[in-house]
$ cat data_23.json   # JSON, C-alpha atoms and all ligand atoms
[["chain", "number", "residue", "atom", "x", "y", "z"],
["S", 1, "MET", "CA", -13.83, -32.38, 14.06],
["S", 2, "ASN", "CA", -11.18, -30.05, 15.41],
["S", 3, "THR", "CA", -8.47, -28.91, 13.01],
["S", 4, "GLU", "CA", -4.84, -29.25, 14.05],
["S", 5, "PHE", "CA", -2.95, -26.00, 13.67],
["S", 6, "ALA", "CA", 0.83, -26.42, 13.30],
["S", 7, "PRO", "CA", 3.21, -23.56, 14.13],
["S", 8, "ALA", "CA", 3.60, -21.39, 11.02],
["S", 9, "THR", "CA", 4.97, -17.97, 10.17],
["S", 10, "ALA", "CA", 4.46, -15.86, 7.04],
["S", 11, "TYR", "CA", 5.47, -12.41, 5.85],
["S", 12, "ALA", "CA", 4.31, -9.62, 3.57],
["S", 13, "PRO", "CA", 6.15, -6.48, 2.46],
["S", 14, "GLY", "CA", 5.19, -2.82, 2.58],
["S", 15, "LYS", "CA", 4.39, -0.93, -0.60],
["S", 16, "ILE", "CA", 4.39, 2.50, -2.19],
["S", 17, "ILE", "CA", 2.31, 3.88, -5.01],
["S", 18, "LEU", "CA", 4.68, 5.38, -7.60],
["S", 19, "PHE", "CA", 2.04, 6.95, -9.84],
["S", 20, "GLY", "CA", -1.73, 7.25, -10.06],
["S", 21, "GLU", "CA", -3.14, 7.29, -6.51],
["S", 22, "HIS", "CA", -6.71, 8.61, -6.18],
["S", 23, "ALA", "CA", -7.29, 8.52, -9.95],
["S", 24, "VAL", "CA", -7.04, 4.71, -9.61],
["S", 25, "VAL", "CA", -10.25, 4.76, -7.54],
["S", 26, "TYR", "CA", -11.95, 6.23, -10.66],
["S", 27, "GLY", "CA", -10.78, 3.59, -13.12],
["S", 28, "ARG", "CA", -7.45, 5.06, -14.22],
["S", 29, "PRO", "CA", -4.26, 2.97, -14.03],
["S", 30, "ALA", "CA", -1.72, 3.20, -11.20],
["S", 31, "ILE", "CA", 1.75, 1.80, -10.58],
["S", 32, "ALA", "CA", 2.75, 0.40, -7.21],
["S", 33, "VAL", "CA", 5.87, -1.40, -6.01],
["S", 34, "PRO", "CA", 6.72, -3.47, -2.94],
["S", 35, "VAL", "CA", 9.03, -2.07, -0.28],
["S", 36, "LEU", "CA", 10.93, -5.07, 0.96],
["S", 37, "GLN", "CA", 12.87, -3.35, 3.78],
["S", 38, "VAL", "CA", 9.73, -3.18, 5.89],
["S", 39, "GLN", "CA", 7.40, -6.09, 6.47],
["S", 40, "ALA", "CA", 4.60, -7.60, 8.50],
["S", 41, "GLU", "CA", 5.08, -10.99, 10.11],
["S", 42, "ALA", "CA", 2.27, -13.24, 11.35],
["S", 43, "SER", "CA", 2.77, -16.40, 13.41],
["S", 44, "ILE", "CA", 0.19, -19.03, 14.22],
["S", 45, "ASN", "CA", 0.70, -21.30, 17.22],
["S", 46, "PRO", "CA", -1.44, -24.20, 18.33],
["S", 47, "ALA", "CA", -3.52, -23.53, 21.45],
["S", 48, "ARG", "CA", -5.82, -26.50, 21.65],
["S", 49, "GLY", "CA", -9.14, -25.85, 23.36],
["S", 50, "GLN", "CA", -8.38, -22.17, 23.81],
["S", 51, "PRO", "CA", -10.20, -19.17, 22.36],
["S", 52, "VAL", "CA", -8.13, -17.43, 19.67],
["S", 53, "SER", "CA", -5.86, -14.85, 21.27],
["S", 54, "ILE", "CA", -4.34, -12.05, 19.18],
["S", 55, "ASP", "CA", -1.06, -10.43, 20.15],
["S", 56, "ALA", "CA", -0.38, -7.30, 18.12],
["S", 57, "ALA", "CA", 2.13, -5.67, 20.43],
["S", 58, "ASP", "CA", 3.41, -3.14, 17.83],
["S", 59, "VAL", "CA", 0.04, -1.43, 17.94],
["S", 60, "GLY", "CA", -0.26, -2.05, 21.69],
["S", 61, "ARG", "CA", -3.04, -4.59, 21.44],
["S", 62, "HIS", "CA", -3.64, -7.97, 22.98],
["S", 63, "TYR", "CA", -7.16, -9.36, 22.83],
["S", 64, "GLU", "CA", -9.38, -12.32, 22.05],
["S", 65, "LEU", "CA", -11.00, -12.84, 18.69],
["S", 66, "ASP", "CA", -14.48, -13.24, 20.21],
["S", 67, "ALA", "CA", -14.11, -10.11, 22.35],
["S", 68, "VAL", "CA", -13.34, -7.87, 19.34],
["S", 69, "PRO", "CA", -15.03, -9.56, 16.40],
["S", 70, "ASP", "CA", -15.04, -6.56, 14.10],
["S", 71, "ASP", "CA", -11.56, -5.20, 13.65],
["S", 72, "PRO", "CA", -9.27, -5.79, 10.64],
["S", 73, "ILE", "CA", -7.20, -8.54, 12.30],
["S", 74, "SER", "CA", -10.25, -10.41, 13.58],
["S", 75, "SER", "CA", -11.87, -10.04, 10.17],
["S", 76, "ILE", "CA", -8.98, -11.51, 8.19],
["S", 77, "ILE", "CA", -8.80, -14.43, 10.66],
["S", 78, "ARG", "CA", -12.50, -15.17, 10.25],
["S", 79, "LEU", "CA", -12.52, -14.72, 6.47],
["S", 80, "THR", "CA", -9.44, -16.88, 5.99],
["S", 81, "CYS", "CA", -10.74, -19.64, 8.28],
["S", 82, "ALA", "CA", -14.01, -19.64, 6.33],
["S", 83, "ARG", "CA", -12.08, -19.91, 3.05],
["S", 84, "LEU", "CA", -9.94, -22.75, 4.45],
["S", 85, "ARG", "CA", -13.06, -24.41, 5.90],
["S", 86, "VAL", "CA", -11.64, -24.58, 9.42],
["S", 87, "ALA", "CA", -13.18, -23.32, 12.65],
["S", 88, "PRO", "CA", -11.52, -20.21, 14.13],
["S", 89, "ARG", "CA", -10.39, -21.82, 17.38],
["S", 90, "GLY", "CA", -7.46, -23.77, 18.77],
["S", 91, "PHE", "CA", -4.66, -21.37, 17.80],
["S", 92, "SER", "CA", -3.12, -18.04, 18.73],
["S", 93, "VAL", "CA", -2.01, -15.26, 16.38],
["S", 94, "ARG", "CA", 1.04, -13.08, 16.86],
["S", 95, "VAL", "CA", 1.55, -10.08, 14.59],
["S", 96, "ARG", "CA", 4.68, -8.00, 14.31],
["S", 97, "SER", "CA", 5.31, -5.27, 11.76],
["S", 98, "THR", "CA", 8.01, -2.79, 10.90],
["S", 99, "ILE", "CA", 5.67, -0.99, 8.47],
["S", 100, "PRO", "CA", 4.59, 2.42, 9.82],
["S", 101, "VAL", "CA", 0.82, 2.58, 10.30],
["S", 102, "ALA", "CA", -1.35, 5.07, 8.34],
["S", 103, "ARG", "CA", 1.53, 6.42, 6.26],
["S", 104, "GLY", "CA", 0.60, 4.99, 2.85],
["S", 105, "LEU", "CA", 2.97, 2.04, 3.17],
["S", 106, "GLY", "CA", 0.25, -0.58, 3.08],
["S", 107, "SER", "CA", 0.58, -1.78, 6.65],
["S", 108, "GLY", "CA", -3.04, -2.94, 6.94],
["S", 109, "ALA", "CA", -2.91, -4.94, 3.72],
["S", 110, "ALA", "CA", 0.44, -6.47, 4.69],
["S", 111, "VAL", "CA", -0.88, -7.62, 8.08],
["S", 112, "SER", "CA", -3.91, -9.19, 6.36],
["S", 113, "VAL", "CA", -1.79, -10.95, 3.74],
["S", 114, "ALA", "CA", 0.69, -12.26, 6.34],
["S", 115, "ILE", "CA", -2.12, -13.63, 8.55],
["S", 116, "ALA", "CA", -3.95, -15.30, 5.64],
["S", 117, "ARG", "CA", -0.73, -16.96, 4.47],
["S", 118, "ALA", "CA", 0.28, -18.08, 7.97],
["S", 119, "LEU", "CA", -3.15, -19.64, 8.60],
["S", 120, "ALA", "CA", -3.08, -21.53, 5.29],
["S", 121, "LYS", "CA", 0.44, -22.78, 6.01],
["S", 122, "SER", "CA", -0.56, -23.76, 9.52],
["S", 123, "VAL", "CA", -3.25, -26.16, 8.24],
["S", 124, "GLY", "CA", -1.19, -27.36, 5.28],
["S", 125, "GLN", "CA", -3.31, -25.72, 2.56],
["S", 126, "GLU", "CA", -2.27, -23.66, -0.45],
["S", 127, "LEU", "CA", -3.63, -20.18, -1.03],
["S", 128, "ASP", "CA", -2.28, -18.57, -4.17],
["S", 129, "ARG", "CA", -1.52, -14.84, -4.49],
["S", 130, "VAL", "CA", -4.83, -14.06, -6.16],
["S", 131, "GLU", "CA", -6.77, -15.70, -3.32],
["S", 132, "VAL", "CA", -4.68, -14.05, -0.60],
["S", 133, "SER", "CA", -5.12, -10.68, -2.30],
["S", 134, "ALA", "CA", -8.90, -11.22, -2.53],
["S", 135, "LEU", "CA", -9.15, -12.02, 1.19],
["S", 136, "ALA", "CA", -7.14, -8.92, 2.11],
["S", 137, "PHE", "CA", -9.37, -6.87, -0.24],
["S", 138, "GLU", "CA", -12.46, -7.96, 1.70],
["S", 139, "VAL", "CA", -10.90, -6.47, 4.83],
["S", 140, "GLU", "CA", -9.87, -3.28, 3.02],
["S", 141, "LYS", "CA", -13.47, -2.87, 1.90],
["S", 142, "LEU", "CA", -14.77, -3.26, 5.46],
["S", 143, "TYR", "CA", -12.47, -0.63, 6.94],
["S", 144, "HIS", "CA", -11.35, 1.73, 4.18],
["S", 145, "GLY", "CA", -14.49, 2.77, 2.35],
["S", 146, "THR", "CA", -14.06, 2.35, -1.40],
["S", 147, "PRO", "CA", -10.55, 0.95, -1.91],
["S", 148, "SER", "CA", -9.31, 0.39, -5.44],
["S", 149, "GLY", "CA", -7.62, -2.87, -4.43],
["S", 150, "ILE", "CA", -4.12, -1.73, -5.36],
["S", 151, "ASP", "CA", -2.68, -2.11, -1.82],
["S", 152, "ASN", "CA", -3.68, -5.74, -1.27],
["S", 153, "THR", "CA", -2.63, -6.59, -4.84],
["S", 154, "VAL", "CA", 0.92, -5.24, -4.74],
["S", 155, "VAL", "CA", 1.47, -6.55, -1.22],
["S", 156, "ALA", "CA", 0.22, -10.07, -2.09],
["S", 157, "PHE", "CA", 2.23, -10.21, -5.33],
["S", 158, "ALA", "CA", 5.33, -8.50, -3.89],
["S", 159, "GLN", "CA", 6.22, -7.29, -7.40],
["S", 160, "PRO", "CA", 5.80, -4.01, -9.29],
["S", 161, "VAL", "CA", 2.26, -3.83, -10.66],
["S", 162, "TYR", "CA", 0.36, -1.87, -13.29],
["S", 163, "PHE", "CA", -3.08, -1.86, -11.79],
["S", 164, "ILE", "CA", -6.49, -0.96, -13.17],
["S", 165, "ARG", "CA", -9.44, -1.53, -10.89],
["S", 166, "GLY", "CA", -11.49, -4.55, -11.91],
["S", 167, "GLU", "CA", -9.13, -5.62, -14.71],
["S", 168, "PRO", "CA", -6.69, -8.54, -14.80],
["S", 169, "LEU", "CA", -3.45, -7.63, -13.09],
["S", 170, "GLU", "CA", -0.38, -6.79, -15.15],
["S", 171, "LEU", "CA", 3.04, -7.28, -13.59],
["S", 172, "LEU", "CA", 5.53, -4.62, -14.58],
["S", 173, "LYS", "CA", 8.92, -5.42, -16.06],
["S", 174, "VAL", "CA", 11.54, -3.01, -14.74],
["S", 175, "ALA", "CA", 14.15, -2.72, -17.51],
["S", 176, "GLU", "CA", 16.60, -0.58, -15.53],
["S", 177, "PRO", "CA", 16.56, -0.64, -11.70],
["S", 178, "PHE", "CA", 16.13, 2.71, -9.97],
["S", 179, "LEU", "CA", 16.21, 4.09, -6.44],
["S", 180, "ILE", "CA", 13.34, 5.73, -4.59],
["S", 181, "ALA", "CA", 13.88, 7.61, -1.32],
["S", 182, "ILE", "CA", 10.84, 7.46, 0.97],
["S", 183, "ALA", "CA", 10.38, 10.15, 3.61],
["S", 184, "ASP", "CA", 7.84, 9.90, 6.39],
["S", 185, "THR", "CA", 6.14, 13.26, 7.04],
["S", 186, "GLY", "CA", 5.27, 12.01, 10.53],
["S", 187, "ILE", "CA", 1.65, 12.95, 9.85],
["S", 188, "SER", "CA", -0.84, 10.09, 10.13],
["S", 189, "ALA", "CA", -3.58, 10.40, 7.58],
["S", 190, "PRO", "CA", -6.34, 7.79, 7.39],
["S", 191, "THR", "CA", -6.85, 6.84, 3.76],
["S", 192, "HIS", "CA", -10.65, 6.94, 3.95],
["S", 193, "VAL", "CA", -10.66, 10.62, 4.98],
["S", 194, "ALA", "CA", -8.68, 11.81, 1.93],
["S", 195, "VAL", "CA", -10.56, 9.41, -0.35],
["S", 196, "GLY", "CA", -13.90, 10.69, 1.04],
["S", 197, "ASP", "CA", -12.90, 14.32, 0.53],
["S", 198, "VAL", "CA", -11.88, 13.62, -3.07],
["S", 199, "ARG", "CA", -15.21, 11.86, -3.62],
["S", 200, "ARG", "CA", -17.14, 14.92, -2.39],
["S", 201, "ALA", "CA", -15.05, 17.26, -4.53],
["S", 202, "TRP", "CA", -15.60, 15.00, -7.56],
["S", 203, "GLU", "CA", -19.35, 14.98, -6.91],
["S", 204, "ALA", "CA", -19.35, 18.78, -6.75],
["S", 205, "ASP", "CA", -17.40, 19.22, -10.01],
["S", 206, "ARG", "CA", -17.23, 16.01, -11.98],
["S", 207, "SER", "CA", -15.92, 17.40, -15.25],
["S", 208, "ARG", "CA", -12.96, 19.12, -13.59],
["S", 209, "TYR", "CA", -12.03, 16.04, -11.57],
["S", 210, "GLU", "CA", -12.50, 13.64, -14.47],
["S", 211, "GLU", "CA", -10.10, 15.78, -16.45],
["S", 212, "LEU", "CA", -7.55, 15.77, -13.63],
["S", 213, "PHE", "CA", -7.87, 11.99, -13.39],
["S", 214, "ASP", "CA", -7.41, 11.67, -17.17],
["S", 215, "ARG", "CA", -4.22, 13.69, -16.97],
["S", 216, "ILE", "CA", -2.95, 11.46, -14.16],
["S", 217, "GLY", "CA", -3.85, 8.39, -16.24],
["S", 218, "ASP", "CA", -1.71, 9.73, -19.10],
["S", 219, "ILE", "CA", 1.21, 10.22, -16.73],
["S", 220, "VAL", "CA", 0.86, 6.64, -15.48],
["S", 221, "ARG", "CA", 0.88, 5.23, -19.02],
["S", 222, "ARG", "CA", 3.95, 7.26, -19.93],
["S", 223, "SER", "CA", 5.66, 6.14, -16.71],
["S", 224, "ARG", "CA", 4.93, 2.54, -17.49],
["S", 225, "SER", "CA", 6.52, 2.84, -20.88],
["S", 226, "ALA", "CA", 9.58, 4.59, -19.36],
["S", 227, "ILE", "CA", 9.96, 1.89, -16.66],
["S", 228, "GLU", "CA", 9.58, -0.98, -19.12],
["S", 229, "SER", "CA", 12.08, 0.43, -21.56],
["S", 230, "GLY", "CA", 14.65, 1.66, -19.04],
["S", 231, "ARG", "CA", 14.15, 5.41, -19.66],
["S", 232, "VAL", "CA", 14.58, 6.19, -15.96],
["S", 233, "ASP", "CA", 15.42, 9.88, -16.64],
["S", 234, "GLU", "CA", 11.83, 10.46, -17.74],
["S", 235, "LEU", "CA", 10.40, 9.35, -14.41],
["S", 236, "GLY", "CA", 11.49, 12.37, -12.33],
["S", 237, "PRO", "CA", 9.60, 14.97, -14.39],
["S", 238, "LEU", "CA", 6.59, 12.63, -14.52],
["S", 239, "MET", "CA", 6.61, 12.43, -10.71],
["S", 240, "ASN", "CA", 6.66, 16.22, -10.50],
["S", 241, "GLN", "CA", 3.72, 16.47, -12.91],
["S", 242, "ASN", "CA", 1.79, 13.85, -10.93],
["S", 243, "GLN", "CA", 2.44, 15.83, -7.74],
["S", 244, "GLU", "CA", 1.07, 19.03, -9.31],
["S", 245, "LEU", "CA", -2.15, 17.21, -10.17],
["S", 246, "LEU", "CA", -2.39, 15.71, -6.67],
["S", 247, "ARG", "CA", -2.09, 19.23, -5.29],
["S", 248, "GLU", "CA", -4.91, 20.37, -7.58],
["S", 249, "ILE", "CA", -7.01, 17.45, -6.41],
["S", 250, "GLY", "CA", -6.55, 18.75, -2.88],
["S", 251, "VAL", "CA", -4.56, 16.03, -1.12],
["S", 252, "SER", "CA", -1.20, 17.75, -0.68],
["S", 253, "LEU", "CA", -0.10, 19.74, 2.36],
["S", 254, "PRO", "CA", 2.51, 22.47, 2.92],
["S", 255, "GLU", "CA", 4.63, 19.87, 4.76],
["S", 256, "ILE", "CA", 4.49, 17.57, 1.73],
["S", 257, "GLU", "CA", 5.42, 20.38, -0.66],
["S", 258, "ARG", "CA", 8.33, 21.37, 1.58],
["S", 259, "LEU", "CA", 9.75, 17.84, 1.66],
["S", 260, "ALA", "CA", 9.30, 17.37, -2.10],
["S", 261, "GLN", "CA", 11.04, 20.66, -2.86],
["S", 262, "ALA", "CA", 13.90, 19.87, -0.44],
["S", 263, "ALA", "CA", 14.49, 16.57, -2.25],
["S", 264, "ARG", "CA", 14.51, 18.27, -5.68],
["S", 265, "ASP", "CA", 16.90, 20.96, -4.41],
["S", 266, "ALA", "CA", 19.24, 18.21, -3.15],
["S", 267, "GLY", "CA", 19.37, 16.57, -6.57],
["S", 268, "ALA", "CA", 16.33, 14.30, -6.83],
["S", 269, "SER", "CA", 14.98, 14.46, -10.37],
["S", 270, "GLY", "CA", 11.38, 14.26, -9.16],
["S", 271, "ALA", "CA", 9.28, 14.00, -6.01],
["S", 272, "LYS", "CA", 5.66, 13.50, -5.05],
["S", 273, "LEU", "CA", 3.44, 12.30, -2.26],
["S", 274, "SER", "CA", 2.67, 8.59, -2.26],
["S", 275, "GLY", "CA", -0.64, 7.08, -1.19],
["S", 276, "ALA", "CA", -3.66, 8.97, 0.01],
["S", 277, "GLY", "CA", -1.78, 12.17, 0.91],
["S", 278, "ARG", "CA", -2.63, 14.74, 3.62],
["S", 279, "GLY", "CA", 0.42, 13.31, 5.37],
["S", 280, "GLY", "CA", 2.00, 9.91, 4.92],
["S", 281, "ASN", "CA", 5.04, 9.61, 2.70],
["S", 282, "VAL", "CA", 6.85, 11.71, 0.14],
["S", 283, "ILE", "CA", 8.90, 9.80, -2.44],
["S", 284, "ALA", "CA", 11.78, 11.00, -4.60],
["S", 285, "LEU", "CA", 13.65, 9.52, -7.54],
["S", 286, "VAL", "CA", 17.35, 9.52, -6.68],
["S", 287, "ARG", "CA", 20.55, 8.50, -8.38],
["S", 288, "GLU", "CA", 23.13, 6.58, -6.36],
["S", 289, "ALA", "CA", 25.33, 9.69, -6.15],
["S", 290, "VAL", "CA", 22.68, 11.88, -4.49],
["S", 291, "GLN", "CA", 20.81, 9.41, -2.33],
["S", 292, "VAL", "CA", 22.64, 10.43, 0.86],
["S", 293, "SER", "CA", 22.22, 14.17, 0.28],
["S", 294, "VAL", "CA", 18.53, 13.73, -0.59],
["S", 295, "ALA", "CA", 18.00, 11.67, 2.57],
["S", 296, "GLN", "CA", 19.71, 14.43, 4.58],
["S", 297, "ALA", "CA", 17.64, 17.11, 2.89],
["S", 298, "PHE", "CA", 14.47, 15.19, 3.71],
["S", 299, "ARG", "CA", 15.50, 15.00, 7.37],
["S", 300, "SER", "CA", 16.45, 18.68, 7.55],
["S", 301, "ALA", "CA", 13.06, 19.56, 6.05],
["S", 302, "GLY", "CA", 11.31, 17.66, 8.85],
["S", 303, "ALA", "CA", 11.04, 14.02, 7.75],
["S", 304, "GLN", "CA", 10.75, 11.66, 10.71],
["S", 305, "ASP", "CA", 12.26, 8.73, 8.91],
["S", 306, "VAL", "CA", 13.83, 8.08, 5.53],
["S", 307, "LEU", "CA", 14.56, 4.87, 3.68],
["S", 308, "VAL", "CA", 15.85, 4.20, 0.20],
["S", 309, "THR", "CA", 14.51, 1.27, -1.77],
["S", 310, "ARG", "CA", 15.66, -0.24, -5.07],
["S", 311, "ILE", "CA", 12.96, -0.94, -7.64],
["S", 312, "GLY", "CA", 13.66, -3.80, -10.03],
["D", 1, "LIG", "O1", -3.43, 3.25, 1.34],
["D", 1, "LIG", "P1", -2.69, 4.39, 0.73],
["D", 1, "LIG", "O2", -2.51, 5.53, 1.63],
["D", 1, "LIG", "O3", -1.49, 3.97, -0.03],
["D", 1, "LIG", "O4", -3.65, 5.04, -0.38],
["D", 1, "LIG", "C1", -4.39, 4.30, -1.22],
["D", 1, "LIG", "C2", -4.39, 4.92, -2.57],
["D", 1, "LIG", "C3", -5.66, 5.59, -2.98],
["D", 1, "LIG", "O5", -5.62, 5.63, -4.39],
["D", 1, "LIG", "C4", -5.73, 7.00, -2.43],
["D", 1, "LIG", "C5", -6.90, 4.83, -2.53],
["D", 1, "LIG", "C6", -7.10, 3.50, -3.21],
["D", 1, "LIG", "O6", -7.90, 2.70, -2.70],
["D", 1, "LIG", "O7", -6.49, 3.22, -4.25]]
$ encode --input "data_23.json" --output "structure tokens"
Amino acid sequence: MNTEFAPATAYAPGKIILFGEHAVVYGRPAIAVPVLQVQAEASINPARGQPVSIDAADVGRHYELDAVPDDPISSIIRLTCARLRVAPRGFSVRVRSTIPVARGLGSGAAVSVAIARALAKSVGQELDRVEVSALAFEVEKLYHGTPSGIDNTVVAFAQPVYFIRGEPLELLKVAEPFLIAIADTGISAPTHVAVGDVRRAWEADRSRYEELFDRIGDIVRRSRSAIESGRVDELGPLMNQNQELLREIGVSLPEIERLAQAARDAGASGAKLSGAGRGGNVIALVREAVQVSVAQAFRSAGAQDVLVTRIG
């Protein structure tokens, strides 16, 4: 029997990691938050009797599911159809996204989550956030090596999360909202490259890296307590300490250090890279009064794009 696909559209936000990237791959906690100003949108349209066509114009791609069976978009379509027990035919998929690709903003996970949700909606089935996150995680595993699962989780839940790999998710209560400025270095850095390099360095000197990861884990726990009790002033110094450890781990770059320092000089109380590093985004904690000057400082120091997001 052929399934009827009704027109349906769904969305998913971008994300940033506030604290704990890389160490999270090794079992330490991390904190991530959604970035609602950027999002992925997926639309399903009925196309009875047709092969599934995929229109992902933002990344310059238009192709058929059967012609490219093993890319992330094709994979989430196949996995979601299998989960929904429907055959992958008789519809088209259109993907649009304002989330920059390969900059640590979770664009891949957001595209997966939006497609899974749109397909479920299209056939009138419910997929809860845990199921959507699990489907997106399958795709992350296929294309990103050894992901911790934090990206798909925060994107599917669209709420601040305190995440430990393999443990039940804890949503984070933000007692006092705060502002984070996000600056794009303009340098694309595939996550699996930085994660692979860290893995090799860890293999070569486990005790040193385990200690660095422990210190990051402590910072994450202290940050959680500060966020949940509204002690926002403590977060800036904690970001700076996390950045020092990320530099020691080997995932910073001179360009990242320059942007972080420019933000601090312009009044941000802390700054660090966010995500895998080696490029991607630099984030800074800003008060309302300095957000414009920090954004300007980021741009003068070479940022390609800057946005400010409110957490909580
Ligand atoms: O996808 P990104 O660039 O936000 O980085 C993922 C964060 C890492 O901790 C480096 C990897 C992971 O799977 O958690």
$ residues_near_ligand --input "data_23.json" --ligand "ligand LIG 1 (chain D)" --cutoff "8 Å" --atoms "all atoms listed in the file" --output "PyMOL selection string"
chain S and resi 15-17+20-25+102-106+144+146-151+189-192+194-195+274-277+280
$ atom_distance --input "data_23.json" --atom1 "atom CA of S:Ile54" --atom2 "atom CA of S:Gly124"
20.9 Å
$ residues_around --input "data_23.json" --residues "S:Phe157" --least-positions-apart "4" --cutoff "10 Å" --atoms "all atoms listed in the file" --output "ChimeraX atom specification"
/S:12-13,33-34,113,128-130,132-133,152-153,161,169,171
$ closest_residue --input "data_23.json" --among "S:Leu79, S:Val38, S:Ile115, S:Ala109" --to "S:Ser97" --atoms "all atoms listed in the file"
S:Val38
$ closest_residue --input "data_23.json" --among "S:Ala40, S:Ile99, S:Leu18, S:Ala201" --to "S:Leu285" --atoms "only C-alpha atoms"
S:Leu18
$ atom_distance --input "data_23.json" --atom1 "atom CA of S:Val68" --atom2 "atom CA of S:Asp197"
29.1 Å
$ closest_residue --input "data_23.json" --among "S:Leu172, S:Ile44, S:Phe19, S:Ala114" --to "S:Leu273" --atoms "only C-alpha atoms"
S:Phe19
$ atom_distance --input "data_23.json" --atom1 "atom CA of S:Gly250" --atom2 "atom CA of S:Val198"
7.4 Å
$ closest_residue --input "data_23.json" --among "S:Val174, S:Ala42, S:Val292, S:Ala181" --to "S:Ala271" --atoms "all atoms listed in the file"
S:Ala181
$ residues_around --input "data_23.json" --residues "S:Val59" --least-positions-apart "5" --cutoff "10 Å" --atoms "all atoms listed in the file" --output "ChimeraX atom specification"
/S:95-97,101
